[in-house]
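coords13.txt follows (compact mmCIF, C-alpha atoms):
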# COMPACT_ATOMS: atom_id res chain seq x y z
CA MET A 1 0.00 0.00 0.00
CA LYS A 2 1.25 3.39 -0.99
CA TYR A 3 -0.15 5.46 1.91
CA THR A 4 -1.52 4.87 5.38
CA PRO A 5 -5.37 4.67 5.46
CA SER A 6 -6.02 8.19 6.81
CA LEU A 7 -3.49 9.69 4.44
CA ASP A 8 -5.04 7.81 1.55
CA GLN A 9 -8.50 9.13 2.48
CA LEU A 10 -7.20 12.67 2.75
CA ILE A 11 -5.50 12.47 -0.65
CA GLN A 12 -8.67 11.05 -2.21
CA ALA A 13 -10.85 13.71 -0.57
CA LEU A 14 -8.59 16.58 -1.68
CA GLN A 15 -9.27 15.58 -5.29
CA ALA A 16 -12.80 16.92 -4.88
CA LEU A 17 -11.24 20.39 -5.18
CA PRO A 18 -11.41 21.77 -8.74
CA GLY A 19 -8.15 21.42 -10.66
CA VAL A 20 -6.61 19.06 -8.11
CA GLY A 21 -5.43 15.67 -9.38
CA PRO A 22 -3.64 12.82 -7.57
CA ARG A 23 -0.21 14.50 -7.63
CA SER A 24 -1.33 17.90 -6.35
CA ALA A 25 -3.49 16.17 -3.76
CA GLN A 26 -0.47 14.23 -2.51
CA ARG A 27 1.59 17.42 -2.41
CA MET A 28 -1.19 19.24 -0.52
CA ALA A 29 -1.62 16.43 2.01
CA PHE A 30 2.12 16.18 2.66
CA THR A 31 2.54 19.94 2.98
CA LEU A 32 -0.36 20.18 5.43
CA LEU A 33 0.92 17.29 7.54
CA GLU A 34 4.60 18.21 7.41
CA GLN A 35 4.55 21.96 7.78
CA LYS A 36 1.08 23.38 8.27
CA ARG A 37 -0.79 21.31 10.85
CA ASP A 38 -2.26 24.38 12.56
CA GLN A 39 -3.47 25.84 9.29
CA ALA A 40 -4.89 22.46 8.27
CA ASN A 41 -6.89 22.41 11.48
CA ILE A 42 -8.20 25.90 10.77
CA LEU A 43 -9.07 24.83 7.23
CA ALA A 44 -11.01 21.77 8.41
CA GLN A 45 -12.96 23.93 10.87
CA ALA A 46 -13.58 26.69 8.33
CA MET A 47 -14.91 24.13 5.90
CA THR A 48 -17.27 22.56 8.43
CA GLN A 49 -18.46 25.99 9.53
CA ALA A 50 -19.03 27.23 5.97
CA LEU A 51 -21.02 24.10 5.16
CA THR A 52 -23.31 24.55 8.15
CA GLN A 53 -23.60 28.36 8.04
CA ILE A 54 -23.84 29.20 4.38
CA GLY A 55 -27.17 28.79 2.64
CA HIS A 56 -28.85 30.65 -0.16
CA CYS A 57 -30.60 34.02 -0.11
CA SER A 58 -34.33 33.44 -0.53
CA LEU A 59 -34.58 36.34 -2.98
CA CYS A 60 -31.48 36.26 -5.21
CA ARG A 61 -30.27 32.68 -4.57
CA ASN A 62 -26.71 33.92 -3.94
CA PHE A 63 -24.78 32.52 -0.96
CA SER A 64 -26.06 33.98 2.27
CA GLU A 65 -25.28 33.50 5.92
CA GLY A 66 -27.55 33.71 8.95
CA ASP A 67 -30.55 35.67 7.69
CA SER A 68 -32.62 34.44 4.81
CA LEU A 69 -31.84 37.63 2.86
CA CYS A 70 -28.30 38.55 1.79
CA PRO A 71 -26.96 42.08 2.47
CA THR A 72 -27.33 43.01 -1.21
CA CYS A 73 -31.04 42.17 -1.25
CA ARG A 74 -31.56 44.00 2.06
CA SER A 75 -30.00 47.24 0.76
CA ASP A 76 -32.62 49.93 0.14
CA LYS A 77 -30.38 51.73 -2.32
CA ARG A 78 -30.13 48.65 -4.47
CA ARG A 79 -33.84 47.86 -4.22
CA ASN A 80 -34.67 51.38 -5.35
CA SER A 81 -32.38 51.16 -8.38
CA GLY A 82 -34.96 49.08 -10.26
CA LEU A 83 -32.11 47.11 -11.87
CA LEU A 84 -31.90 43.33 -11.75
CA CYS A 85 -28.82 41.60 -13.12
CA ILE A 86 -29.02 37.90 -14.00
CA VAL A 87 -25.80 35.92 -13.56
CA GLU A 88 -24.94 32.24 -13.58
CA SER A 89 -22.90 31.93 -10.39
CA PRO A 90 -21.85 33.71 -7.17
CA ALA A 91 -18.36 34.17 -8.67
CA ASP A 92 -19.95 36.36 -11.36
CA VAL A 93 -21.48 38.57 -8.65
CA VAL A 94 -18.04 38.99 -7.06
CA ALA A 95 -16.53 39.89 -10.45
CA ILE A 96 -19.24 42.47 -11.19
CA GLU A 97 -19.08 43.95 -7.68
CA GLN A 98 -15.33 44.42 -8.09
CA THR A 99 -15.90 46.77 -11.02
CA GLY A 100 -17.83 49.13 -8.72
CA GLN A 101 -19.98 50.06 -11.74
CA TYR A 102 -23.21 48.35 -10.84
CA SER A 103 -25.40 49.10 -7.86
CA GLY A 104 -28.58 47.15 -8.55
CA LEU A 105 -29.89 43.79 -7.44
CA TYR A 106 -28.82 40.36 -8.63
CA PHE A 107 -30.45 37.10 -9.43
CA VAL A 108 -28.07 34.13 -9.35
CA LEU A 109 -29.17 31.18 -11.47
CA MET A 110 -26.65 28.76 -9.88
CA GLY A 111 -26.32 27.17 -13.28
CA ARG A 112 -27.68 27.55 -16.78
CA LEU A 113 -30.40 25.92 -18.86
CA SER A 114 -29.05 22.65 -20.17
CA PRO A 115 -31.73 20.24 -21.38
CA LEU A 116 -29.10 17.58 -22.19
CA ASP A 117 -28.07 17.48 -18.53
CA GLY A 118 -31.68 17.61 -17.42
CA ILE A 119 -31.40 21.17 -16.11
CA GLY A 120 -34.69 22.95 -16.77
CA PRO A 121 -36.16 26.35 -15.83
CA GLU A 122 -37.09 25.31 -12.25
CA ASP A 123 -33.58 24.03 -11.51
CA ILE A 124 -32.17 27.49 -12.12
CA GLY A 125 -34.92 29.18 -10.14
CA LEU A 126 -36.82 30.76 -13.03
CA ASP A 127 -40.12 30.22 -11.20
CA LEU A 128 -38.73 32.39 -8.39
CA LEU A 129 -37.54 34.94 -10.94
CA GLU A 130 -40.98 35.11 -12.55
CA GLN A 131 -42.53 35.79 -9.13
CA ARG A 132 -40.10 38.65 -8.65
CA LEU A 133 -40.89 40.07 -12.09
CA GLN A 134 -44.55 40.11 -11.12
CA GLN A 135 -44.22 41.47 -7.59
CA GLU A 136 -41.31 43.91 -7.68
CA SER A 137 -41.03 47.11 -9.65
CA ILE A 138 -38.14 46.27 -11.92
CA ASN A 139 -37.24 48.78 -14.62
CA GLU A 140 -34.56 46.83 -16.40
CA LEU A 141 -33.33 43.24 -16.48
CA ILE A 142 -29.65 42.98 -17.37
CA LEU A 143 -28.66 39.59 -18.77
CA ALA A 144 -25.08 38.77 -17.77
CA THR A 145 -25.02 35.03 -18.40
CA ASN A 146 -21.85 33.70 -20.00
CA PRO A 147 -21.45 34.01 -23.80
CA THR A 148 -21.57 30.23 -24.27
CA VAL A 149 -24.21 28.29 -26.17
CA GLU A 150 -26.03 27.40 -22.96
CA GLY A 151 -25.58 30.86 -21.46
CA GLU A 152 -27.03 32.46 -24.61
CA ALA A 153 -29.97 30.04 -24.64
CA THR A 154 -30.64 30.89 -20.99
CA ALA A 155 -30.48 34.60 -21.81
CA TYR A 156 -33.01 34.20 -24.63
CA TYR A 157 -35.34 32.24 -22.38
CA ILE A 158 -35.22 34.87 -19.65
CA ALA A 159 -35.60 37.72 -22.15
CA ASP A 160 -38.80 36.05 -23.31
CA LEU A 161 -40.01 35.86 -19.72
CA ALA A 162 -39.30 39.55 -19.16
CA LYS A 163 -41.09 40.57 -22.35
CA GLN A 164 -44.20 38.75 -21.14
CA HIS A 165 -44.11 41.07 -18.14
CA THR A 166 -43.23 44.06 -20.37
CA ILE A 167 -39.97 44.71 -18.60
CA LYS A 168 -37.05 46.24 -20.48
CA VAL A 169 -34.25 43.71 -21.08
CA SER A 170 -30.61 44.29 -21.98
CA ARG A 171 -27.61 42.03 -22.57
CA ILE A 172 -24.09 43.01 -21.46
CA ALA A 173 -21.81 43.94 -24.39
CA HIS A 174 -19.55 41.34 -25.97
CA GLY A 175 -16.56 42.41 -28.00
CA VAL A 176 -12.82 42.95 -28.02
CA PRO A 177 -11.57 43.02 -24.41
CA ILE A 178 -9.78 46.17 -23.26
CA GLY A 179 -6.02 45.73 -23.70
CA GLY A 180 -6.65 42.96 -26.21
CA GLU A 181 -5.36 43.09 -29.75
CA LEU A 182 -7.63 42.66 -32.76
CA ASP A 183 -5.57 39.94 -34.40
CA HIS A 184 -5.53 37.86 -31.22
CA VAL A 185 -9.29 37.95 -30.80
CA ASP A 186 -11.34 35.09 -32.24
CA GLY A 187 -13.68 35.68 -35.19
CA THR A 188 -16.93 35.26 -33.27
CA THR A 189 -15.94 37.88 -30.71
CA LEU A 190 -14.85 40.24 -33.47
CA SER A 191 -18.19 39.75 -35.28
CA HIS A 192 -19.97 40.59 -32.03
CA SER A 193 -17.89 43.72 -31.63
CA PHE A 194 -19.00 44.90 -35.11
CA VAL A 195 -22.65 44.05 -34.63
CA GLY A 196 -22.62 45.79 -31.24
CA ARG A 197 -20.74 48.91 -32.40
CA GLN A 198 -21.81 52.20 -30.87
CA ALA A 199 -21.84 55.81 -32.06
CA PHE A 200 -18.47 57.45 -31.31
CA MET B 1 -17.61 43.33 2.08
CA LYS B 2 -16.85 40.89 -0.69
CA TYR B 3 -17.88 37.63 1.00
CA THR B 4 -19.92 36.53 4.00
CA PRO B 5 -17.76 35.91 7.12
CA SER B 6 -17.70 32.08 6.93
CA LEU B 7 -17.02 32.17 3.22
CA ASP B 8 -14.23 34.67 3.76
CA GLN B 9 -12.65 32.42 6.41
CA LEU B 10 -12.89 29.39 4.12
CA ILE B 11 -11.27 31.26 1.22
CA GLN B 12 -8.49 32.49 3.51
CA ALA B 13 -7.95 29.01 4.97
CA LEU B 14 -7.80 27.34 1.54
CA GLN B 15 -4.80 29.51 0.71
CA ALA B 16 -2.76 27.42 3.15
CA LEU B 17 -2.74 24.75 0.43
CA PRO B 18 0.42 24.84 -1.70
CA GLY B 19 -0.06 26.58 -5.06
CA VAL B 20 -3.43 28.03 -4.11
CA GLY B 21 -3.83 31.81 -4.33
CA PRO B 22 -6.89 34.02 -3.74
CA ARG B 23 -8.50 33.25 -7.09
CA SER B 24 -8.16 29.46 -6.93
CA ALA B 25 -9.26 29.55 -3.29
CA GLN B 26 -12.43 31.43 -4.30
CA ARG B 27 -13.05 28.94 -7.11
CA MET B 28 -12.53 26.01 -4.73
CA ALA B 29 -14.82 27.45 -2.06
CA PHE B 30 -17.58 28.20 -4.58
CA THR B 31 -17.32 24.77 -6.21
CA LEU B 32 -17.47 23.02 -2.84
CA LEU B 33 -20.47 25.06 -1.69
CA GLU B 34 -22.35 25.02 -5.01
CA GLN B 35 -21.84 21.50 -6.26
CA LYS B 36 -19.90 19.34 -3.83
CA ARG B 37 -21.24 19.80 -0.32
CA ASP B 38 -21.07 16.07 0.46
CA GLN B 39 -17.51 15.80 -0.75
CA ALA B 40 -16.59 18.94 1.19
CA ASN B 41 -17.93 17.33 4.34
CA ILE B 42 -15.89 14.20 3.65
CA LEU B 43 -12.82 16.36 3.02
CA ALA B 44 -13.23 18.25 6.31
CA GLN B 45 -13.58 14.96 8.18
CA ALA B 46 -10.65 13.32 6.37
CA MET B 47 -8.50 16.31 7.24
CA THR B 48 -9.41 16.24 10.91
CA GLN B 49 -8.86 12.49 11.05
CA ALA B 50 -5.49 12.65 9.28
CA LEU B 51 -4.35 15.37 11.68
CA THR B 52 -5.24 13.32 14.74
CA GLN B 53 -4.20 9.88 13.42
CA ILE B 54 -1.03 10.51 11.50
CA GLY B 55 2.19 10.85 13.43
CA HIS B 56 5.77 9.92 12.65
CA CYS B 57 7.43 6.52 12.73
CA SER B 58 9.84 6.44 15.67
CA LEU B 59 12.49 4.73 13.55
CA CYS B 60 12.39 6.30 10.08
CA ARG B 61 10.47 9.53 10.82
CA ASN B 62 8.13 8.90 7.86
CA PHE B 63 4.38 9.41 8.35
CA SER B 64 2.90 6.57 10.36
CA GLU B 65 -0.51 5.75 11.71
CA GLY B 66 -1.50 3.92 14.86
CA ASP B 67 1.63 2.01 15.83
CA SER B 68 4.85 3.81 16.53
CA LEU B 69 6.56 1.87 13.73
CA CYS B 70 5.51 2.19 10.09
CA PRO B 71 4.90 -0.98 7.99
CA THR B 72 8.19 -0.45 6.14
CA CYS B 73 10.22 -0.45 9.35
CA ARG B 74 8.31 -3.49 10.64
CA SER B 75 9.06 -5.56 7.53
CA ASP B 76 11.64 -8.30 8.24
CA LYS B 77 12.63 -8.51 4.59
CA ARG B 78 13.54 -4.84 4.56
CA ARG B 79 15.35 -5.01 7.90
CA ASN B 80 17.46 -7.90 6.61
CA SER B 81 18.44 -6.04 3.45
CA GLY B 82 21.00 -3.97 5.36
CA LEU B 83 20.19 -1.01 3.12
CA LEU B 84 19.20 2.41 4.49
CA CYS B 85 18.12 5.12 2.08
CA ILE B 86 18.17 8.75 3.25
CA VAL B 87 15.54 11.02 1.70
CA GLU B 88 14.30 14.52 2.46
CA SER B 89 10.54 13.97 2.53
CA PRO B 90 7.75 11.36 2.58
CA ALA B 91 7.00 12.23 -1.06
CA ASP B 92 10.48 10.96 -1.97
CA VAL B 93 9.70 7.62 -0.31
CA VAL B 94 6.52 7.34 -2.39
CA ALA B 95 8.46 8.14 -5.58
CA ILE B 96 11.17 5.55 -4.82
CA GLU B 97 8.63 2.89 -3.82
CA GLN B 98 6.84 3.42 -7.13
CA THR B 99 9.95 2.31 -9.03
CA GLY B 100 9.75 -1.10 -7.32
CA GLN B 101 13.57 -1.22 -7.47
CA TYR B 102 14.41 -0.70 -3.83
CA SER B 103 13.51 -2.97 -0.95
CA GLY B 104 15.52 -1.61 1.96
CA LEU B 105 14.73 0.72 4.83
CA TYR B 106 14.34 4.48 4.73
CA PHE B 107 15.27 7.41 6.90
CA VAL B 108 13.22 10.52 6.23
CA LEU B 109 14.91 13.79 7.21
CA MET B 110 11.69 15.86 6.95
CA GLY B 111 13.84 18.69 5.64
CA ARG B 112 17.47 19.42 4.87
CA LEU B 113 20.35 21.14 6.61
CA SER B 114 19.92 24.86 6.18
CA PRO B 115 21.94 26.95 8.63
CA LEU B 116 20.51 30.19 7.20
CA ASP B 117 17.00 29.07 8.20
CA GLY B 118 18.27 27.79 11.52
CA ILE B 119 17.81 24.13 10.57
CA GLY B 120 20.62 22.13 12.15
CA PRO B 121 21.43 18.38 12.43
CA GLU B 122 18.97 17.74 15.31
CA ASP B 123 16.09 19.34 13.40
CA ILE B 124 16.41 16.75 10.64
CA GLY B 125 16.82 13.88 13.12
CA LEU B 126 20.52 13.19 12.60
CA ASP B 127 20.90 12.30 16.30
CA LEU B 128 18.34 9.55 15.72
CA LEU B 129 20.15 8.49 12.55
CA GLU B 130 23.46 8.23 14.40
CA GLN B 131 21.83 5.99 16.99
CA ARG B 132 20.62 3.73 14.22
CA LEU B 133 24.06 3.61 12.61
CA GLN B 134 25.46 2.44 15.98
CA GLN B 135 22.76 -0.08 16.88
CA GLU B 136 21.62 -1.63 13.60
CA SER B 137 23.65 -3.69 11.19
CA ILE B 138 23.56 -1.45 8.15
CA ASN B 139 25.68 -2.47 5.17
CA GLU B 140 25.10 0.52 2.95
CA LEU B 141 23.74 4.01 3.35
CA ILE B 142 22.21 5.36 0.13
CA LEU B 143 22.03 9.15 -0.02
CA ALA B 144 18.98 10.23 -2.02
CA THR B 145 18.70 13.86 -0.90
CA ASN B 146 17.82 16.33 -3.66
CA PRO B 147 20.62 17.59 -5.93
CA THR B 148 20.28 21.16 -4.60
CA VAL B 149 22.94 23.09 -2.71
CA GLU B 150 21.31 22.27 0.62
CA GLY B 151 20.56 18.67 -0.34
CA GLU B 152 24.21 18.15 -1.34
CA ALA B 153 25.47 19.73 1.88
CA THR B 154 23.17 17.44 3.85
CA ALA B 155 24.47 14.44 1.88
CA TYR B 156 28.09 15.38 2.65
CA TYR B 157 27.29 15.80 6.33
CA ILE B 158 25.61 12.38 6.55
CA ALA B 159 28.36 10.71 4.51
CA ASP B 160 30.81 12.01 7.10
CA LEU B 161 28.69 10.54 9.89
CA ALA B 162 28.57 7.15 8.16
CA LYS B 163 32.33 7.10 7.61
CA GLN B 164 32.83 7.63 11.34
CA HIS B 165 30.93 4.39 11.83
CA THR B 166 32.77 2.75 8.91
CA ILE B 167 29.57 2.18 6.95
CA LYS B 168 29.66 2.11 3.15
CA VAL B 169 27.98 5.21 1.66
CA SER B 170 26.65 5.76 -1.85
CA ARG B 171 24.89 8.63 -3.62
CA ILE B 172 22.17 8.04 -6.22
CA ALA B 173 23.33 8.81 -9.78
CA HIS B 174 22.74 12.22 -11.32
CA GLY B 175 22.81 12.63 -15.07
CA VAL B 176 20.76 12.91 -18.22
CA PRO B 177 17.19 11.73 -17.49
CA ILE B 178 15.88 8.80 -19.55
CA GLY B 179 13.96 10.13 -22.54
CA GLY B 180 15.73 13.47 -22.17
CA GLU B 181 17.80 14.97 -24.96
CA LEU B 182 21.38 16.03 -24.47
CA ASP B 183 20.94 19.53 -25.84
CA HIS B 184 17.99 20.21 -23.56
CA VAL B 185 19.87 19.20 -20.42
CA ASP B 186 21.63 21.92 -18.41
CA GLY B 187 25.42 22.02 -18.21
CA THR B 188 25.72 21.00 -14.56
CA THR B 189 23.65 17.86 -15.12
CA LEU B 190 25.68 17.02 -18.21
CA SER B 191 28.95 17.46 -16.27
CA HIS B 192 27.59 15.11 -13.62
CA SER B 193 26.71 12.55 -16.26
CA PHE B 194 30.31 12.61 -17.52
CA VAL B 195 31.89 12.43 -14.08
CA GLY B 196 29.58 9.58 -13.13
CA ARG B 197 30.04 7.59 -16.39
CA GLN B 198 30.14 3.83 -16.08
CA ALA B 199 31.81 1.04 -18.04
CA PHE B 200 29.59 -0.07 -20.93
As structure tokens, what does this structure read like?
Amino acid sequence: MKYTPSLDQLIQALQALPGVGPRSAQRMAFTLLEQKRDQANILAQAMTQALTQIGHCSLCRNFSEGDSLCPTCRSDKRRNSGLLCIVESPADVVAIEQTGQYSGLYFVLMGRLSPLDGIGPEDIGLDLLEQRLQQESINELILATNPTVEGEATAYYIADLAKQHTIKVSRIAHGVPIGGELDHVDGTTLSHSFVGRQAF
Amino acid sequence: MKYTPSLDQLIQALQALPGVGPRSAQRMAFTLLEQKRDQANILAQAMTQALTQIGHCSLCRNFSEGDSLCPTCRSDKRRNSGLLCIVESPADVVAIEQTGQYSGLYFVLMGRLSPLDGIGPEDIGLDLLEQRLQQESINELILATNPTVEGEATAYYIADLAKQHTIKVSRIAHGVPIGGELDHVDGTTLSHSFVGRQAF
């Protein structure tokens, strides 16, 4: 046997982390046990605590702790903005918040429509979204799903939903990234940047 | 605030893992919380268990569980081989065991001599090693420390120790790796491969 039982279990379990294969898992386990036992203890506790404490906001479905509403959904300023941005994952919220540009509400799908994987409208909370569209006074729905086939399909589906409730819908711009060079950008992106051109 | 408190603690704690920075830690935390809660629970438990169960073998200093001696040190076949291989870390033992070439005992330094970092002979268990050289019947000491400045210094120090006890000492070969090409190998390695050439 290559490892002792507990070590073997730890190395197996570490491979649940994204991007961690057998070799990195072994390296992680050895580093934790050789040099970082205190930090490993803290990590194990932090993980247990996060799993018990962190649930989902009942309004936007983002991660939330303690209360049923997350701080973003509780903010009056954001509620009054009348803006609702649809994203696929909590990481997208973090990315958008870091720009400091947006101060509206979010709705986190926690996925995307994917009929092949059996992920339908309810699985990404679109029933909840439809309720919100009915009950809240939303001026504009901003679709910020990823520019993938599934993300686009999800955007179209939600746009349809919004139009039924006569709410204005927009899609974030896709085009050449700032600092990027034209001849390094793929053709589809470049096409998008032409279609989406704006008056200068 | 970017994250909820528990999430923030988890993301901080994950950065104790080698090669994990803020971005990967965020990705790991989100993946665990979004899609892999069961596996995260298993990971937290495996970590706690490994930390409480895994200690060091009293003879070879490698990781050991339960008994004070690891299975390798308990094996009669290995004890009778008269071979003792010195390595820097448990990962080195795993790598050597995977070759299937070696069937002797190990001594794991859990580090290397490094006066600048305040790591002296006792810190890497050389007092324990000297005891073993006195008490056990060892025919050959194989030095398999890393070919770095500190690894070499450690090897020289241990070779000296072995000579005091008139025990045969060898160093694993350094040279062009199998499958490597001469013009891609650095000069120092190539020099080593010439110095260490063997009759064909």
Within 9 Å of chain B, which residues of chain A are there when counting only C-alpha atoms? Please give them as an MDAnalysis selection string. chainID A and resid 2:7 9:14 16:19 24 26:34 36:37 39:51 53:55 63:65 70 89:91 94 97:98 110
Selected residue of minimal separation from B:Arg79 among B:Val195, B:Glu152, B:Cys60, B:Ile96, counting only C-alpha atoms: B:Cys60
Computed interatomic separation between atom CA of A:Thr189 and atom CA of A:Ile158 (Å): 22.4 Å
Near A:Gly196, counting all atoms listed in the file, which residues have an atom at most 12 Å away, once you skip same-chain residues fewer than 2 positions from it, shown as an mmCIF file with C-alpha atoms, in the frame of the given file?
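Below is the file that was written, out.cif:
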data_model
loop_
_atom_site.group_PDB
_atom_site.id
_atom_site.type_symbol
_atom_site.label_atom_id
_atom_site.label_comp_id
_atom_site.auth_asym_id
_atom_site.auth_seq_id
_atom_site.Cartn_x
_atom_site.Cartn_y
_atom_site.Cartn_z
ATOM 1 C CA ARG A 171 -27.610 42.030 -22.570
ATOM 2 C CA ILE A 172 -24.090 43.010 -21.460
ATOM 3 C CA ALA A 173 -21.810 43.940 -24.390
ATOM 4 C CA HIS A 174 -19.550 41.340 -25.970
ATOM 5 C CA GLY A 175 -16.560 42.410 -28.000
ATOM 6 C CA VAL A 176 -12.820 42.950 -28.020
ATOM 7 C CA THR A 189 -15.940 37.880 -30.710
ATOM 8 C CA LEU A 190 -14.850 40.240 -33.470
ATOM 9 C CA SER A 191 -18.190 39.750 -35.280
ATOM 10 C CA HIS A 192 -19.970 40.590 -32.030
ATOM 11 C CA SER A 193 -17.890 43.720 -31.630
ATOM 12 C CA PHE A 194 -19.000 44.900 -35.110
ATOM 13 C CA GLN A 198 -21.810 52.200 -30.870
ATOM 14 C CA ALA A 199 -21.840 55.810 -32.060
#
Please indicate the distance in Å from atom CA of B:Ser103 to atom CA of B:Thr72, rounded to one decimal place.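 Going from atom CA of B:Ser103 over to atom CA of B:Thr72 covers 9.2 Å.
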What separation in Å, quoted to one decimal, exists between atom CA of B:Pro115 and atom CA of B:Ser170?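 Straight-line distance from atom CA of B:Pro115 to atom CA of B:Ser170 works out to 24.1 Å.
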From the options B:Ala155, B:Glu136, B:Val108, B:Asp76, which residue's atoms come nearest to B:Asp123, counting only C-alpha atoms? B:Val108
Given the choices B:Arg112, B:Ile124, B:Asp183, B:Ile119, which gets closest to B:Val149 if the distance is worked out from all atoms listed in the file?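 That would be B:Arg112, the residue with the smallest distance to B:Val149.
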Go through A:Ile138, A:Ala144, A:Val185, A:Cys57 one by one, measure the shortest atom-to-atom distance of each to A:Arg78 using all atoms listed in the file, and give the residue with the smallest value.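 For A:Arg78, the nearest of the given residues is A:Ile138.
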